[in-house]
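Content type mmCIF, C-alpha atoms, from the file final17.cif:
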```cif
data_entry
#
loop_
_atom_site.label_atom_id
_atom_site.label_comp_id
_atom_site.auth_asym_id
_atom_site.auth_seq_id
_atom_site.Cartn_x
_atom_site.Cartn_y
_atom_site.Cartn_z
CA MET A 287 16.01 11.77 -22.00
CA PHE A 288 17.76 14.95 -23.01
CA CYS A 289 16.07 17.66 -25.06
CA PRO A 290 17.78 18.15 -28.43
CA ASN A 291 16.74 21.81 -28.35
CA CYS A 292 17.93 23.06 -24.94
CA GLY A 293 19.76 20.03 -23.51
CA ALA A 294 17.64 19.81 -20.35
CA GLU A 295 16.91 16.34 -18.90
CA SER A 296 13.31 15.08 -18.81
CA PRO A 297 11.66 11.76 -17.84
CA ASP A 298 12.03 9.03 -20.43
CA ASP A 299 8.26 8.88 -21.03
CA ALA A 300 7.83 12.65 -21.32
CA ARG A 301 6.33 13.97 -24.56
CA PHE A 302 7.51 17.53 -23.98
CA CYS A 303 10.67 19.06 -22.57
CA VAL A 304 10.16 20.11 -18.93
CA ASN A 305 12.39 23.15 -19.54
CA CYS A 306 11.41 24.62 -22.92
CA GLY A 307 8.29 22.66 -23.88
CA THR A 308 9.67 21.32 -27.17
CA PRO A 309 7.78 18.19 -28.40
CA PHE A 310 10.18 15.27 -28.45
CA ASP A 311 8.62 13.70 -31.55
CA ALA A 312 9.28 16.82 -33.66
CA ALA A 313 12.15 18.51 -31.90
CA PRO A 314 14.67 20.35 -34.08
CA ALA A 315 18.23 19.29 -33.67
CA ALA A 316 20.79 21.51 -32.03
CA PRO A 317 22.35 24.18 -34.27
CA GLY A 318 24.83 22.66 -36.69
CA ALA A 319 23.62 19.11 -36.03
CA GLN A 320 21.53 18.72 -39.19
CA GLU A 321 23.92 18.58 -42.07
CA THR A 322 23.84 17.03 -45.49
CA PRO A 323 27.02 15.42 -46.84
CA LEU A 324 28.08 16.84 -50.19
CA ASP A 325 31.08 15.06 -51.67
CA GLY A 326 33.15 15.43 -48.54
CA SER A 327 31.69 18.80 -47.50
CA TYR A 328 28.74 19.62 -45.28
CA VAL A 329 26.01 22.24 -45.76
CA PRO A 330 23.59 23.00 -42.88
CA GLU A 331 19.94 22.64 -43.77
CA ALA A 332 17.48 25.39 -43.00
CA PRO A 333 15.48 24.67 -39.79
CA GLY A 334 12.26 22.90 -40.69
CA ALA A 335 13.13 22.72 -44.40
CA PRO A 336 11.91 19.67 -46.32
CA PRO A 337 14.58 17.34 -47.64
CA PRO A 338 15.67 18.06 -51.22
CA GLN A 339 13.76 16.16 -53.88
CA ARG A 340 15.87 14.14 -56.32
CA PRO A 341 14.02 12.98 -59.44
CA SER A 342 17.37 11.63 -60.64
CA PRO A 343 20.59 10.73 -58.77
CA ASN A 344 22.44 14.00 -59.50
CA ILE A 345 19.51 16.36 -60.07
CA GLU A 346 17.69 18.29 -57.34
CA LEU A 347 14.26 19.90 -57.50
CA CYS A 348 14.88 23.15 -55.63
CA ALA A 349 12.49 25.19 -53.51
CA ASP A 350 11.80 27.61 -56.36
CA GLY A 351 10.55 24.79 -58.59
CA VAL A 352 13.71 24.67 -60.71
CA TYR A 353 15.70 21.50 -61.45
CA ARG A 354 19.43 22.06 -60.97
CA TRP A 355 22.47 19.89 -61.52
CA PHE A 356 26.22 20.25 -61.84
CA TYR A 357 28.20 18.72 -64.70
CA PRO A 358 32.04 18.60 -64.84
CA PHE A 359 32.61 18.28 -68.59
CA ASP A 360 35.86 16.45 -69.45
CA MET A 361 37.22 18.42 -72.42
CA LEU A 362 39.69 15.71 -73.46
CA ARG A 363 37.49 12.62 -73.28
CA ASN A 364 34.42 14.33 -74.73
CA PRO A 365 35.34 16.50 -77.74
CA VAL A 366 31.76 17.57 -78.56
CA ILE A 367 32.66 21.25 -78.00
CA LEU A 368 35.57 20.96 -80.43
CA PHE A 369 33.29 19.34 -83.02
CA THR A 370 30.82 22.20 -82.57
CA VAL A 371 33.59 24.74 -83.21
CA TRP A 372 34.69 22.84 -86.32
CA LYS A 373 31.09 22.71 -87.54
CA VAL A 374 30.70 26.48 -87.21
CA LEU A 375 33.98 27.03 -89.09
CA GLY A 376 32.93 24.61 -91.82
CA ILE A 377 29.55 26.26 -92.30
CA SER A 378 31.15 29.72 -92.41
CA PHE A 379 33.69 28.72 -95.04
CA GLY A 380 31.02 26.85 -97.00
CA ILE A 381 28.87 29.97 -97.23
CA VAL A 382 31.80 32.08 -98.38
CA TYR A 383 32.81 29.42 -100.92
CA ALA A 384 29.27 29.19 -102.33
CA PHE A 385 29.09 33.00 -102.58
CA VAL A 386 32.39 33.20 -104.49
CA VAL A 387 31.29 30.44 -106.89
CA LEU A 388 28.00 32.24 -107.60
CA VAL A 389 29.83 35.51 -108.22
CA ASN A 390 32.06 33.75 -110.77
CA LEU A 391 29.10 32.11 -112.48
CA PHE A 392 27.02 35.25 -112.82
CA GLY A 393 30.05 37.43 -113.47
CA GLY A 394 30.83 35.68 -116.72
CA SER A 395 33.80 33.63 -115.57
CA GLY A 396 31.78 30.43 -115.54
CA LEU A 397 33.50 27.45 -113.99
CA ASP A 398 36.95 28.52 -115.09
CA GLY A 399 39.36 28.26 -112.19
CA LEU A 400 36.85 26.39 -110.03
CA GLY A 401 39.40 23.68 -109.28
CA GLU A 402 42.00 26.17 -108.05
CA LEU A 403 39.34 28.00 -106.05
CA THR A 404 38.21 24.77 -104.41
CA LEU A 405 41.78 23.75 -103.62
CA GLY A 406 42.52 27.17 -102.11
CA PHE A 407 39.43 27.03 -99.91
CA GLY A 408 40.25 23.46 -98.91
CA ILE A 409 43.74 24.44 -97.77
CA LEU A 410 42.39 27.50 -95.97
CA ILE A 411 39.74 25.58 -94.05
CA ALA A 412 42.28 22.86 -93.14
CA VAL A 413 44.56 25.53 -91.67
CA PHE A 414 41.73 27.03 -89.66
CA LEU A 415 40.62 23.61 -88.39
CA VAL A 416 44.15 23.01 -87.11
CA ILE A 417 44.20 26.47 -85.51
CA GLY A 418 40.81 25.75 -83.93
CA PHE A 419 42.12 22.46 -82.52
CA LEU A 420 45.20 24.14 -81.03
CA ALA A 421 43.05 26.94 -79.58
CA TYR A 422 40.74 24.32 -78.05
CA LEU A 423 43.69 22.62 -76.35
CA ILE A 424 44.91 25.97 -74.99
CA VAL A 425 41.47 26.86 -73.61
CA ALA A 426 41.03 23.35 -72.17
CA LYS A 427 44.39 23.66 -70.43
CA MET A 428 43.36 27.04 -68.98
CA TYR A 429 40.16 25.44 -67.64
CA GLY A 430 42.09 22.58 -66.07
CA TRP A 431 40.75 20.24 -68.79
CA ARG A 432 37.24 20.60 -67.34
CA TYR A 433 34.30 22.69 -68.48
CA LEU A 434 32.28 23.31 -65.31
CA VAL A 435 28.58 23.84 -65.86
CA ILE A 436 25.46 24.27 -63.73
CA PHE A 437 22.09 23.73 -65.42
CA GLU A 438 18.76 25.22 -64.36
CA MET A 439 15.60 23.80 -65.93
CA ASN A 440 11.89 24.39 -65.46
CA GLU A 441 8.77 24.35 -67.61
CA ASP A 442 9.82 27.52 -69.44
CA GLY A 443 13.31 26.56 -70.55
CA VAL A 444 16.83 25.52 -69.62
CA ARG A 445 19.77 27.70 -68.62
CA HIS A 446 23.41 26.70 -69.23
CA ILE A 447 25.74 28.46 -66.76
CA GLN A 448 29.48 28.15 -67.25
CA MET A 449 31.32 28.52 -63.96
CA PRO A 450 34.79 30.04 -63.46
CA GLU A 451 37.65 27.56 -63.51
CA GLN A 452 38.27 27.99 -59.77
CA PHE A 453 34.66 27.05 -59.00
CA GLU A 454 35.06 23.59 -57.52
CA ARG A 455 32.58 20.73 -57.53
CA ALA A 456 31.90 20.83 -53.81
CA GLN A 457 31.07 24.55 -54.01
CA ALA A 458 28.64 23.98 -56.87
CA LEU A 459 26.90 21.15 -55.04
CA ALA A 460 26.73 23.23 -51.87
CA LEU A 461 24.97 26.08 -53.66
CA ILE A 462 22.52 23.70 -55.27
CA SER A 463 21.83 22.14 -51.88
CA LEU A 464 21.13 25.57 -50.38
CA LEU A 465 18.71 26.37 -53.20
CA ALA A 466 16.96 23.05 -52.69
CA ALA A 467 16.62 23.49 -48.92
CA ARG A 468 15.44 27.09 -48.63
CA SER A 469 11.96 28.38 -49.31
CA SER A 470 13.31 31.82 -50.41
CA PRO A 471 16.31 31.04 -52.58
CA GLY A 472 16.48 34.38 -54.41
CA ALA A 473 19.61 35.65 -52.69
CA VAL A 474 21.44 32.36 -53.17
CA GLY A 475 20.39 32.22 -56.82
CA THR A 476 21.62 35.77 -57.37
CA GLY A 477 24.98 34.85 -55.89
CA LEU A 478 25.13 31.77 -58.06
CA LEU A 479 24.58 33.76 -61.24
CA ALA A 480 26.99 36.46 -60.10
CA ALA A 481 29.71 33.82 -59.84
CA SER A 482 29.06 32.59 -63.34
CA LYS A 483 31.34 33.30 -66.23
CA SER A 484 28.81 33.07 -69.04
CA GLU A 485 25.39 31.63 -69.68
CA SER A 486 22.86 30.82 -72.35
CA TYR A 487 19.12 30.33 -72.07
CA VAL A 488 16.77 28.47 -74.40
CA ARG A 489 12.98 28.77 -74.11
CA PHE A 490 11.20 25.49 -74.72
CA GLY A 491 8.30 27.15 -76.50
CA HIS A 492 10.64 28.54 -79.17
CA VAL A 493 12.74 25.44 -79.79
CA ARG A 494 12.97 24.51 -83.48
CA GLY A 495 15.33 21.53 -83.31
CA VAL A 496 16.76 19.02 -80.84
CA ARG A 497 19.60 16.61 -81.41
CA ILE A 498 20.23 13.84 -78.86
CA LEU A 499 23.78 12.52 -78.51
CA ARG A 500 23.49 9.91 -75.79
CA ARG A 501 27.05 8.58 -76.12
CA SER A 502 28.52 11.99 -75.30
CA GLY A 503 25.82 12.84 -72.72
CA THR A 504 24.73 15.85 -74.78
CA ILE A 505 21.40 17.27 -75.92
CA LYS A 506 21.68 20.11 -78.45
CA ILE A 507 18.77 22.56 -78.39
CA ASN A 508 18.26 25.17 -81.09
CA GLU A 509 16.03 28.22 -81.19
CA ARG A 510 16.01 30.54 -84.20
CA LEU A 511 18.84 32.71 -82.86
CA GLU A 512 19.88 30.90 -79.68
CA HIS A 513 21.65 27.58 -79.34
CA SER A 514 22.62 25.64 -76.25
CA GLN A 515 23.99 22.26 -75.24
CA VAL A 516 22.70 20.40 -72.20
CA TYR A 517 24.95 17.83 -70.55
CA ALA A 518 23.88 15.09 -68.15
CA GLN A 519 25.44 12.06 -66.50
CA PRO A 520 24.35 8.65 -67.90
CA GLU A 521 22.14 8.00 -64.87
CA ASP A 522 20.40 11.39 -65.33
CA PHE A 523 20.21 11.45 -69.11
CA ASP A 524 16.79 9.81 -69.52
CA PHE A 525 15.14 12.21 -67.06
CA VAL A 526 16.62 15.30 -68.75
CA GLN A 527 15.82 14.01 -72.23
CA ASP A 528 12.22 13.10 -71.38
CA TYR A 529 11.64 16.42 -69.60
CA ILE A 530 12.90 18.44 -72.57
CA LEU A 531 10.97 16.41 -75.13
CA SER A 532 7.76 16.76 -73.12
CA HIS A 533 8.03 20.57 -73.02
CA ILE A 534 9.00 21.49 -76.57
CA PRO A 535 6.44 22.10 -79.35
CA PRO A 536 5.16 18.92 -81.06
CA THR A 537 6.40 20.28 -84.41
CA THR A 538 10.01 20.40 -83.22
CA LYS A 539 12.43 18.35 -85.29
CA VAL A 540 14.11 15.77 -83.06
CA ARG A 541 17.14 13.78 -84.18
CA GLY A 542 19.05 11.05 -82.41
#
```

Encoding of this model in structure tokens:
Amino acid sequence: MFCPNCGAESPDDARFCVNCGTPFDAAPAAPGAQETPLDGSYVPEAPGAPPPQRPSPNIELCADGVYRWFYPFDMLRNPVILFTVWKVLGISFGIVYAFVVLVNLFGGSGLDGLGELTLGFGILIAVFLVIGFLAYLIVAKMYGWRYLVIFEMNEDGVRHIQMPEQFERAQALALISLLAARSSPGAVGTGLLAASKSESYVRFGHVRGVRILRRSGTIKINERLEHSQVYAQPEDFDFVQDYILSHIPPTTKVRG
């Protein structure tokens, strides 16, 4: 029998290494031997670290008590971001339109010219919707047709972190694996956030509305002034949905 720690040979029935005294039933592997496959890459585990906990196939419970997962959002097959942009444009134009109509009513003009006003606003919003669609395609092309996101979720809230376009899937999974394996993940987490392009954070205690869009793998969460969208793979969706619903106020309006 050879010791996995120092390589020295010991009798087959020995319980401890004759050279270094390492117990054979709990001996750490040689440096670099313990590795976890991550989509074709390998990340060494910290010596003595517990294996990562996976409450769902693609979600890991990390050492700091935070659930983390990576989601490569296909911007062509799933147009939910485009629909969100169109919704914002529509609401904005609707508010302006309503304001102009009220000004005409209380300004003495009444409903005269309302048809022309409505037609003008209709043409204007159609133009901006087309511009928004073209801008979406340009941005999607710049991102390589993928919107790369890492999510962090605990009892307090959920963070949506958009990663730079060059941030590949294997790198994201490797960072999540490091966070899951280490008992002091602060430095790794800082590096993760430093690499991010933008982020949003929603606190569960302040959530006012939730909309569940299972077909697009999306959960929309709204605070008073903060909005975010959480994405999850089909096999992870139930876990994410149930976790969010169990941590928001009971008075929250839930649709979907």

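Taken over the shown file, the PyMOL selection byres ((chain A and resi 358-367) around 7) identifies Phe356, Tyr357, Leu368, Phe369, Thr370, Val371, Ala426, Trp431, Arg432, Tyr433, Leu434, Val435 and Ser502 of chain A.
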
Name the residues in contact with segment 396-410 of chain A at a cut-off of 10 Å, using all atoms listed in the file, excluding same-chain residues fewer than 4 positions from it; report them as a PDB file with C-alpha atoms, in the coordinates of the input.
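Below you can see result.pdb, which holds the result:
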```
ATOM      1  CA  PHE A 379      33.690  28.720 -95.040  1.00  0.00           C
ATOM      2  CA  GLY A 380      31.020  26.850 -97.000  1.00  0.00           C
ATOM      3  CA  VAL A 382      31.800  32.080 -98.380  1.00  0.00           C
ATOM      4  CA  TYR A 383      32.810  29.420-100.920  1.00  0.00           C
ATOM      5  CA  VAL A 386      32.390  33.200-104.490  1.00  0.00           C
ATOM      6  CA  VAL A 387      31.290  30.440-106.890  1.00  0.00           C
ATOM      7  CA  LEU A 388      28.000  32.240-107.600  1.00  0.00           C
ATOM      8  CA  VAL A 389      29.830  35.510-108.220  1.00  0.00           C
ATOM      9  CA  ASN A 390      32.060  33.750-110.770  1.00  0.00           C
ATOM     10  CA  LEU A 391      29.100  32.110-112.480  1.00  0.00           C
ATOM     11  CA  PHE A 392      27.020  35.250-112.820  1.00  0.00           C
ATOM     12  CA  PHE A 414      41.730  27.030 -89.660  1.00  0.00           C
ATOM     13  CA  LEU A 415      40.620  23.610 -88.390  1.00  0.00           C
TER      14      LEU A 415
END
```

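Across the chains present, the PyMOL selection byres ((chain A and resi 527-537) around 7) applied to this file returns Glu441, Phe490, Gly491, Val493, Phe523, Asp524, Phe525, Val526, Thr538 and Lys539 of chain A.
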
Nearest to Ile507 of chain A among A:Met449, A:Val444, A:Leu420, A:Ile411, with distances taken over all atoms listed in the file: which residue is it?
A:Val444

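Using the PyMOL selection byres ((chain A and resi 438) around 9) on the file at hand returns these residues: Val352, Tyr353, Arg354, Trp355, Ile436, Phe437, Met439, Asn440, Gly443, Val444, Arg445, His446 and Ile447 of chain A.
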
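Separating atom CA of Gly376 of chain A from atom CA of Tyr422 of chain A is a distance of 15.8 Å.
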
Atom CA of Gly430 of chain A and atom CA of Ser378 of chain A are how many Å apart?
29.4 Å

If I take atom CA of Gln515 of chain A and atom CA of Ile345 of chain A, how far is one from the other in Å, to one decimal?
16.9 Å

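Residues having any atom no farther than 9 Å from (23.9, 9.9, -68.3) (counting only C-alpha atoms) are Arg500, Arg501, Ser502, Gly503, Thr504, Tyr517, Ala518, Gln519, Pro520, Glu521, Asp522, Phe523 and Asp524 of chain A.
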